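Notes to accompany the following structure.
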Amino acid sequence: MRPNGRHTAGASQLPAIRVWAMCLLLLSAVAMSPTTARAAPSQAAAATTHVYLLRGVLNIFSLGLDTIGARLEAQGIPVTVANFVSWSSLANEAATAYRAGRVKTIILVGHSSGATALPDMIAKLNQLGVPVKLAIGLDSVFKTRLSTGAERYINIYIGDGPGEPVRPAAGLRGKLDNVDVRGTGVGHISIDKNEAIQRRVIAEIDAAIMRSRAPAPVAAEPGAPRQARSAAAAAPRN
């Protein structure tokens, strides 16, 4: 007996249906992939950016910053990885490069005590007349108050751990985002090494560099009127 025609047609179409289904799945995966969707900065914009990554206490608990730095360098973005105690000398170094025109975009990233030091470094750079495009703190361990501006400050912290949200001071310039990642399985020691967190940090850095052609907020300059410098002068010292 000849097989039923409807069943024969269904069997013949099955391989084609499977092919179409696989194509749709592949297209969906590409559309959802953050690494595919994220555009990399131009070579010129990357070359005139400098990212300073501040480790926490000792130099053995923030090694995820080294991985982030290596990934940024692979994109042609210059980086400096150092312990947080060097924040003041690094600010001087960044200001010198900015004034000489070698660096146009300054970005700061810190973990633990390195995150706690970020507001101090931003305040000093602003006092030196240098704008900060982006600062990202990973689980700052002490109460941190942001008095003066990076264009954008992102504080990624673990709300039920040792990390703290960053508090805005009155008259804060720039955008402050506190991002609580409790319940995601990351801990204070692992937050800088977590793949999803690293991807987020790199994506935010790339986006900031892409925006770097837009005018940055005017930072307080040496010799500016007292009221223009008051926010930077009031920055706490942790």
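Residue numbers start at 1 in each chain; chains themselves are named A, B, ... in the order of the structure tokens; ligands are numbered from 1 in the order shown.
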
For this session: Run DSSP on the backbone and give me the residues of range 71-238 of chain A it puts in strand (DSSP E), as a ChimeraX atom specification.
Result: /A:79-83,105-111,132-138,144-146,150-157,166-168,175-180

Problem set entry | Near-range 68-81 of chain A list (8 Å; only C-alpha atoms; drop same-chain fewer than 6 positions) as an MDAnalysis selection string | chainID A and resid 40 43 46:55 198 202

For Trp87 in chain A: contacts at 12 Å, only C-alpha atoms, fewer than 5 positions along chain excluded, given as a PDB file with all heavy atoms, in the first residue's frame:
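Output file part_7.pdb follows:
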```pdb
ATOM      1  N   TYR A  52      43.121  53.729  34.071  1.00  0.00           N
ATOM      2  CA  TYR A  52      43.863  53.434  35.293  1.00  0.00           C
ATOM      3  C   TYR A  52      43.046  52.457  36.133  1.00  0.00           C
ATOM      4  O   TYR A  52      41.896  52.733  36.478  1.00  0.00           O
ATOM      5  CB  TYR A  52      44.131  54.722  36.075  1.00  0.00           C
ATOM      6  CG  TYR A  52      45.084  55.659  35.371  1.00  0.00           C
ATOM      7  CD1 TYR A  52      44.617  56.614  34.467  1.00  0.00           C
ATOM      8  CD2 TYR A  52      46.460  55.572  35.581  1.00  0.00           C
ATOM      9  CE1 TYR A  52      45.492  57.466  33.802  1.00  0.00           C
ATOM     10  CE2 TYR A  52      47.343  56.428  34.925  1.00  0.00           C
ATOM     11  CZ  TYR A  52      46.853  57.367  34.035  1.00  0.00           C
ATOM     12  OH  TYR A  52      47.725  58.201  33.377  1.00  0.00           O
ATOM     13  N   LEU A  53      43.655  51.308  36.448  1.00  0.00           N
ATOM     14  CA  LEU A  53      42.982  50.268  37.217  1.00  0.00           C
ATOM     15  C   LEU A  53      43.667  50.151  38.572  1.00  0.00           C
ATOM     16  O   LEU A  53      44.866  49.842  38.652  1.00  0.00           O
ATOM     17  CB  LEU A  53      43.030  48.931  36.468  1.00  0.00           C
ATOM     18  CG  LEU A  53      42.350  48.954  35.091  1.00  0.00           C
ATOM     19  CD1 LEU A  53      43.386  48.765  33.984  1.00  0.00           C
ATOM     20  CD2 LEU A  53      41.281  47.880  34.988  1.00  0.00           C
ATOM     21  N   LEU A  54      42.910  50.414  39.645  1.00  0.00           N
ATOM     22  CA  LEU A  54      43.458  50.451  40.993  1.00  0.00           C
ATOM     23  C   LEU A  54      43.092  49.183  41.758  1.00  0.00           C
ATOM     24  O   LEU A  54      41.908  48.921  42.013  1.00  0.00           O
ATOM     25  CB  LEU A  54      42.936  51.673  41.752  1.00  0.00           C
ATOM     26  CG  LEU A  54      43.177  53.046  41.116  1.00  0.00           C
ATOM     27  CD1 LEU A  54      42.670  54.142  42.048  1.00  0.00           C
ATOM     28  CD2 LEU A  54      44.654  53.254  40.799  1.00  0.00           C
ATOM     29  N   ARG A  55      44.110  48.408  42.123  1.00  0.00           N
ATOM     30  CA  ARG A  55      43.892  47.227  42.949  1.00  0.00           C
ATOM     31  C   ARG A  55      43.609  47.636  44.395  1.00  0.00           C
ATOM     32  O   ARG A  55      43.911  48.755  44.807  1.00  0.00           O
ATOM     33  CB  ARG A  55      45.125  46.326  42.928  1.00  0.00           C
ATOM     34  CG  ARG A  55      45.492  45.732  41.588  1.00  0.00           C
ATOM     35  CD  ARG A  55      46.563  44.661  41.814  1.00  0.00           C
ATOM     36  NE  ARG A  55      47.132  44.150  40.565  1.00  0.00           N
ATOM     37  CZ  ARG A  55      48.400  44.291  40.210  1.00  0.00           C
ATOM     38  NH1 ARG A  55      49.224  44.944  40.992  1.00  0.00           N
ATOM     39  NH2 ARG A  55      48.830  43.780  39.086  1.00  0.00           N
ATOM     40  N   GLY A  56      43.092  46.672  45.172  1.00  0.00           N
ATOM     41  CA  GLY A  56      42.820  46.916  46.579  1.00  0.00           C
ATOM     42  C   GLY A  56      44.033  46.636  47.443  1.00  0.00           C
ATOM     43  O   GLY A  56      45.180  46.700  46.997  1.00  0.00           O
ATOM     44  N   THR A  80      47.081  51.315  32.851  1.00  0.00           N
ATOM     45  CA  THR A  80      48.019  51.228  33.963  1.00  0.00           C
ATOM     46  C   THR A  80      47.317  50.495  35.091  1.00  0.00           C
ATOM     47  O   THR A  80      46.218  50.891  35.490  1.00  0.00           O
ATOM     48  CB  THR A  80      48.458  52.621  34.462  1.00  0.00           C
ATOM     49  OG1 THR A  80      49.169  53.295  33.421  1.00  0.00           O
ATOM     50  CG2 THR A  80      49.358  52.504  35.689  1.00  0.00           C
ATOM     51  N   VAL A  81      47.921  49.419  35.586  1.00  0.00           N
ATOM     52  CA  VAL A  81      47.382  48.678  36.727  1.00  0.00           C
ATOM     53  C   VAL A  81      48.314  48.922  37.906  1.00  0.00           C
ATOM     54  O   VAL A  81      49.525  48.691  37.808  1.00  0.00           O
ATOM     55  CB  VAL A  81      47.282  47.167  36.426  1.00  0.00           C
ATOM     56  CG1 VAL A  81      46.656  46.434  37.602  1.00  0.00           C
ATOM     57  CG2 VAL A  81      46.478  46.924  35.155  1.00  0.00           C
ATOM     58  N   ALA A  82      47.760  49.410  39.025  1.00  0.00           N
ATOM     59  CA  ALA A  82      48.599  49.746  40.182  1.00  0.00           C
ATOM     60  C   ALA A  82      47.793  49.578  41.462  1.00  0.00           C
ATOM     61  O   ALA A  82      46.564  49.512  41.443  1.00  0.00           O
ATOM     62  CB  ALA A  82      49.116  51.176  40.063  1.00  0.00           C
ATOM     63  N   ASN A  92      48.692  62.786  39.090  1.00  0.00           N
ATOM     64  CA  ASN A  92      49.688  63.722  38.539  1.00  0.00           C
ATOM     65  C   ASN A  92      50.155  63.271  37.158  1.00  0.00           C
ATOM     66  O   ASN A  92      50.309  64.084  36.236  1.00  0.00           O
ATOM     67  CB  ASN A  92      50.891  63.822  39.482  1.00  0.00           C
ATOM     68  CG  ASN A  92      50.567  64.556  40.766  1.00  0.00           C
ATOM     69  OD1 ASN A  92      49.688  65.413  40.805  1.00  0.00           O
ATOM     70  ND2 ASN A  92      51.261  64.206  41.845  1.00  0.00           N
ATOM     71  N   GLU A  93      50.411  61.980  37.027  1.00  0.00           N
ATOM     72  CA  GLU A  93      50.848  61.420  35.741  1.00  0.00           C
ATOM     73  C   GLU A  93      49.788  61.631  34.667  1.00  0.00           C
ATOM     74  O   GLU A  93      50.091  62.034  33.535  1.00  0.00           O
ATOM     75  CB  GLU A  93      51.131  59.934  35.928  1.00  0.00           C
ATOM     76  CG  GLU A  93      51.475  59.173  34.664  1.00  0.00           C
ATOM     77  CD  GLU A  93      51.558  57.681  34.922  1.00  0.00           C
ATOM     78  OE1 GLU A  93      52.330  57.278  35.813  1.00  0.00           O
ATOM     79  OE2 GLU A  93      50.839  56.905  34.247  1.00  0.00           O
ATOM     80  N   ALA A  94      48.523  61.377  35.017  1.00  0.00           N
ATOM     81  CA  ALA A  94      47.430  61.545  34.057  1.00  0.00           C
ATOM     82  C   ALA A  94      47.282  63.007  33.651  1.00  0.00           C
ATOM     83  O   ALA A  94      47.038  63.324  32.476  1.00  0.00           O
ATOM     84  CB  ALA A  94      46.125  61.020  34.660  1.00  0.00           C
ATOM     85  N   LEU A 108      38.802  55.583  35.010  1.00  0.00           N
ATOM     86  CA  LEU A 108      39.304  54.975  36.237  1.00  0.00           C
ATOM     87  C   LEU A 108      38.466  53.758  36.606  1.00  0.00           C
ATOM     88  O   LEU A 108      37.235  53.801  36.495  1.00  0.00           O
ATOM     89  CB  LEU A 108      39.265  55.974  37.396  1.00  0.00           C
ATOM     90  CG  LEU A 108      39.809  57.385  37.146  1.00  0.00           C
ATOM     91  CD1 LEU A 108      39.636  58.236  38.405  1.00  0.00           C
ATOM     92  CD2 LEU A 108      41.261  57.342  36.720  1.00  0.00           C
ATOM     93  N   VAL A 109      39.131  52.698  37.057  1.00  0.00           N
ATOM     94  CA  VAL A 109      38.448  51.503  37.553  1.00  0.00           C
ATOM     95  C   VAL A 109      39.147  51.076  38.832  1.00  0.00           C
ATOM     96  O   VAL A 109      40.385  51.070  38.894  1.00  0.00           O
ATOM     97  CB  VAL A 109      38.484  50.344  36.531  1.00  0.00           C
ATOM     98  CG1 VAL A 109      37.744  49.121  37.083  1.00  0.00           C
ATOM     99  CG2 VAL A 109      37.878  50.766  35.193  1.00  0.00           C
ATOM    100  N   GLY A 110      38.376  50.734  39.873  1.00  0.00           N
ATOM    101  CA  GLY A 110      38.983  50.295  41.116  1.00  0.00           C
ATOM    102  C   GLY A 110      38.200  49.169  41.747  1.00  0.00           C
ATOM    103  O   GLY A 110      36.983  49.077  41.587  1.00  0.00           O
ATOM    104  N   SER A 113      39.457  48.537  48.094  1.00  0.00           N
ATOM    105  CA  SER A 113      40.023  49.827  48.490  1.00  0.00           C
ATOM    106  C   SER A 113      40.375  50.681  47.282  1.00  0.00           C
ATOM    107  O   SER A 113      40.403  51.914  47.370  1.00  0.00           O
ATOM    108  CB  SER A 113      41.277  49.613  49.353  1.00  0.00           C
ATOM    109  OG  SER A 113      40.941  49.005  50.584  1.00  0.00           O
ATOM    110  N   GLY A 114      40.633  50.037  46.150  1.00  0.00           N
ATOM    111  CA  GLY A 114      40.851  50.783  44.910  1.00  0.00           C
ATOM    112  C   GLY A 114      39.606  51.532  44.483  1.00  0.00           C
ATOM    113  O   GLY A 114      39.690  52.642  43.943  1.00  0.00           O
ATOM    114  N   ALA A 115      38.436  50.943  44.734  1.00  0.00           N
ATOM    115  CA  ALA A 115      37.175  51.636  44.436  1.00  0.00           C
ATOM    116  C   ALA A 115      36.954  52.784  45.418  1.00  0.00           C
ATOM    117  O   ALA A 115      36.475  53.858  45.045  1.00  0.00           O
ATOM    118  CB  ALA A 115      36.012  50.652  44.495  1.00  0.00           C
ATOM    119  N   THR A 116      37.322  52.565  46.686  1.00  0.00           N
ATOM    120  CA  THR A 116      37.167  53.609  47.695  1.00  0.00           C
ATOM    121  C   THR A 116      38.029  54.828  47.377  1.00  0.00           C
ATOM    122  O   THR A 116      37.662  55.963  47.690  1.00  0.00           O
ATOM    123  CB  THR A 116      37.545  53.058  49.085  1.00  0.00           C
ATOM    124  OG1 THR A 116      36.755  51.895  49.354  1.00  0.00           O
ATOM    125  CG2 THR A 116      37.298  54.069  50.169  1.00  0.00           C
ATOM    126  N   ALA A 117      39.175  54.609  46.728  1.00  0.00           N
ATOM    127  CA  ALA A 117      40.085  55.718  46.404  1.00  0.00           C
ATOM    128  C   ALA A 117      39.639  56.529  45.190  1.00  0.00           C
ATOM    129  O   ALA A 117      40.177  57.619  44.954  1.00  0.00           O
ATOM    130  CB  ALA A 117      41.493  55.171  46.167  1.00  0.00           C
ATOM    131  N   LEU A 118      38.695  56.031  44.419  1.00  0.00           N
ATOM    132  CA  LEU A 118      38.331  56.713  43.175  1.00  0.00           C
ATOM    133  C   LEU A 118      37.851  58.154  43.389  1.00  0.00           C
ATOM    134  O   LEU A 118      38.272  59.053  42.644  1.00  0.00           O
ATOM    135  CB  LEU A 118      37.260  55.910  42.426  1.00  0.00           C
ATOM    136  CG  LEU A 118      37.709  54.567  41.842  1.00  0.00           C
ATOM    137  CD1 LEU A 118      36.555  53.924  41.064  1.00  0.00           C
ATOM    138  CD2 LEU A 118      38.934  54.709  40.948  1.00  0.00           C
ATOM    139  N   PRO A 119      36.950  58.438  44.364  1.00  0.00           N
ATOM    140  CA  PRO A 119      36.532  59.838  44.529  1.00  0.00           C
ATOM    141  C   PRO A 119      37.690  60.774  44.830  1.00  0.00           C
ATOM    142  O   PRO A 119      37.700  61.924  44.375  1.00  0.00           O
ATOM    143  CB  PRO A 119      35.540  59.760  45.706  1.00  0.00           C
ATOM    144  CG  PRO A 119      34.991  58.380  45.639  1.00  0.00           C
ATOM    145  CD  PRO A 119      36.160  57.528  45.212  1.00  0.00           C
ATOM    146  N   ASP A 120      38.699  60.302  45.599  1.00  0.00           N
ATOM    147  CA  ASP A 120      39.868  61.141  45.867  1.00  0.00           C
ATOM    148  C   ASP A 120      40.636  61.436  44.578  1.00  0.00           C
ATOM    149  O   ASP A 120      41.077  62.565  44.348  1.00  0.00           O
ATOM    150  CB  ASP A 120      40.798  60.435  46.855  1.00  0.00           C
ATOM    151  CG  ASP A 120      40.239  60.423  48.273  1.00  0.00           C
ATOM    152  OD1 ASP A 120      39.486  61.341  48.619  1.00  0.00           O
ATOM    153  OD2 ASP A 120      40.561  59.483  49.015  1.00  0.00           O
ATOM    154  N   MET A 121      40.814  60.417  43.754  1.00  0.00           N
ATOM    155  CA  MET A 121      41.562  60.609  42.509  1.00  0.00           C
ATOM    156  C   MET A 121      40.799  61.527  41.559  1.00  0.00           C
ATOM    157  O   MET A 121      41.398  62.389  40.897  1.00  0.00           O
ATOM    158  CB  MET A 121      41.834  59.258  41.857  1.00  0.00           C
ATOM    159  CG  MET A 121      42.787  59.338  40.670  1.00  0.00           C
ATOM    160  SD  MET A 121      43.331  57.692  40.149  1.00  0.00           S
ATOM    161  CE  MET A 121      44.367  58.118  38.722  1.00  0.00           C
ATOM    162  N   ILE A 122      39.483  61.362  41.503  1.00  0.00           N
ATOM    163  CA  ILE A 122      38.668  62.243  40.651  1.00  0.00           C
ATOM    164  C   ILE A 122      38.785  63.689  41.130  1.00  0.00           C
ATOM    165  O   ILE A 122      38.960  64.616  40.330  1.00  0.00           O
ATOM    166  CB  ILE A 122      37.194  61.788  40.666  1.00  0.00           C
ATOM    167  CG1 ILE A 122      37.054  60.428  39.986  1.00  0.00           C
ATOM    168  CG2 ILE A 122      36.301  62.825  39.981  1.00  0.00           C
ATOM    169  CD1 ILE A 122      35.696  59.780  40.204  1.00  0.00           C
ATOM    170  N   ALA A 123      38.699  63.891  42.453  1.00  0.00           N
ATOM    171  CA  ALA A 123      38.777  65.253  42.995  1.00  0.00           C
ATOM    172  C   ALA A 123      40.115  65.904  42.660  1.00  0.00           C
ATOM    173  O   ALA A 123      40.175  67.078  42.282  1.00  0.00           O
ATOM    174  CB  ALA A 123      38.569  65.214  44.515  1.00  0.00           C
ATOM    175  N   LYS A 124      41.192  65.142  42.789  1.00  0.00           N
ATOM    176  CA  LYS A 124      42.511  65.725  42.488  1.00  0.00           C
ATOM    177  C   LYS A 124      42.634  66.051  41.006  1.00  0.00           C
ATOM    178  O   LYS A 124      43.149  67.125  40.647  1.00  0.00           O
ATOM    179  CB  LYS A 124      43.622  64.763  42.915  1.00  0.00           C
ATOM    180  CG  LYS A 124      45.011  65.326  42.612  1.00  0.00           C
ATOM    181  CD  LYS A 124      46.125  64.585  43.301  1.00  0.00           C
ATOM    182  CE  LYS A 124      47.463  65.281  43.057  1.00  0.00           C
ATOM    183  NZ  LYS A 124      48.577  64.647  43.786  1.00  0.00           N
ATOM    184  N   LEU A 125      42.159  65.157  40.139  1.00  0.00           N
ATOM    185  CA  LEU A 125      42.222  65.421  38.701  1.00  0.00           C
ATOM    186  C   LEU A 125      41.402  66.668  38.355  1.00  0.00           C
ATOM    187  O   LEU A 125      41.844  67.509  37.560  1.00  0.00           O
ATOM    188  CB  LEU A 125      41.717  64.213  37.917  1.00  0.00           C
ATOM    189  CG  LEU A 125      42.697  63.042  37.833  1.00  0.00           C
ATOM    190  CD1 LEU A 125      41.995  61.783  37.330  1.00  0.00           C
ATOM    191  CD2 LEU A 125      43.872  63.382  36.913  1.00  0.00           C
ATOM    192  N   ARG A 237      38.711  62.519  52.264  1.00  0.00           N
ATOM    193  CA  ARG A 237      39.915  61.704  52.128  1.00  0.00           C
ATOM    194  C   ARG A 237      39.710  60.430  52.913  1.00  0.00           C
ATOM    195  O   ARG A 237      39.608  60.459  54.142  1.00  0.00           O
ATOM    196  CB  ARG A 237      41.141  62.457  52.658  1.00  0.00           C
ATOM    197  CG  ARG A 237      41.462  63.697  51.835  1.00  0.00           C
ATOM    198  CD  ARG A 237      41.903  63.280  50.417  1.00  0.00           C
ATOM    199  NE  ARG A 237      42.202  64.440  49.615  1.00  0.00           N
ATOM    200  CZ  ARG A 237      41.325  65.019  48.816  1.00  0.00           C
ATOM    201  NH1 ARG A 237      40.099  64.548  48.707  1.00  0.00           N
ATOM    202  NH2 ARG A 237      41.689  66.051  48.082  1.00  0.00           N
ATOM    203  N   ASN A 238      39.589  59.289  52.183  1.00  0.00           N
ATOM    204  CA  ASN A 238      39.324  58.011  52.863  1.00  0.00           C
ATOM    205  C   ASN A 238      40.594  57.417  53.445  1.00  0.00           C
ATOM    206  O   ASN A 238      41.637  57.551  52.866  1.00  0.00           O
ATOM    207  CB  ASN A 238      38.713  57.021  51.864  1.00  0.00           C
ATOM    208  CG  ASN A 238      37.361  57.501  51.413  1.00  0.00           C
ATOM    209  OD1 ASN A 238      36.612  58.065  52.188  1.00  0.00           O
ATOM    210  ND2 ASN A 238      37.045  57.280  50.142  1.00  0.00           N
TER     211      ASN A 238
END
```

Problem set entry | Who sits within 7 Å of range 177-180 of chain A, only C-alpha atoms, same chain under 3 positions skipped, as a list of chain:residue names |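 The contact residues come out as A:Tyr153, A:Ile154, A:Asn155, A:Ile156, A:Tyr157, A:Ile158, A:Gly159, A:Pro165, A:Val166.
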
Now that the selection is made, can you save its residues with N, CA, C and O atoms as an mmCIF file, in the first residue's frame?
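Output (selection_16.cif):
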```cif
data_model
loop_
_atom_site.group_PDB
_atom_site.id
_atom_site.type_symbol
_atom_site.label_atom_id
_atom_site.label_comp_id
_atom_site.auth_asym_id
_atom_site.auth_seq_id
_atom_site.Cartn_x
_atom_site.Cartn_y
_atom_site.Cartn_z
ATOM 1 N N TYR A 153 29.803 57.914 36.914
ATOM 2 C CA TYR A 153 30.395 57.080 37.951
ATOM 3 C C TYR A 153 29.468 55.879 38.153
ATOM 4 O O TYR A 153 28.295 56.051 38.461
ATOM 5 N N ILE A 154 30.011 54.680 37.979
ATOM 6 C CA ILE A 154 29.231 53.456 38.171
ATOM 7 C C ILE A 154 29.826 52.700 39.352
ATOM 8 O O ILE A 154 31.002 52.319 39.326
ATOM 9 N N ASN A 155 29.028 52.496 40.381
ATOM 10 C CA ASN A 155 29.462 51.744 41.552
ATOM 11 C C ASN A 155 28.740 50.399 41.549
ATOM 12 O O ASN A 155 27.531 50.326 41.773
ATOM 13 N N ILE A 156 29.481 49.331 41.269
ATOM 14 C CA ILE A 156 28.917 47.980 41.261
ATOM 15 C C ILE A 156 29.285 47.341 42.600
ATOM 16 O O ILE A 156 30.470 47.148 42.894
ATOM 17 N N TYR A 157 28.269 47.046 43.403
ATOM 18 C CA TYR A 157 28.547 46.562 44.749
ATOM 19 C C TYR A 157 27.604 45.414 45.111
ATOM 20 O O TYR A 157 26.579 45.186 44.456
ATOM 21 N N ILE A 158 27.976 44.675 46.167
ATOM 22 C CA ILE A 158 27.181 43.545 46.645
ATOM 23 C C ILE A 158 26.432 44.010 47.889
ATOM 24 O O ILE A 158 27.025 44.201 48.957
ATOM 25 N N GLY A 159 25.139 44.214 47.748
ATOM 26 C CA GLY A 159 24.357 44.862 48.795
ATOM 27 C C GLY A 159 24.311 44.119 50.115
ATOM 28 O O GLY A 159 24.154 44.742 51.167
ATOM 29 N N PRO A 165 26.982 51.324 48.846
ATOM 30 C CA PRO A 165 26.620 52.268 47.786
ATOM 31 C C PRO A 165 27.382 53.567 47.953
ATOM 32 O O PRO A 165 27.771 53.932 49.070
ATOM 33 N N VAL A 166 27.642 54.248 46.861
ATOM 34 C CA VAL A 166 28.302 55.553 46.906
ATOM 35 C C VAL A 166 27.232 56.618 47.102
ATOM 36 O O VAL A 166 26.206 56.616 46.415
#
```
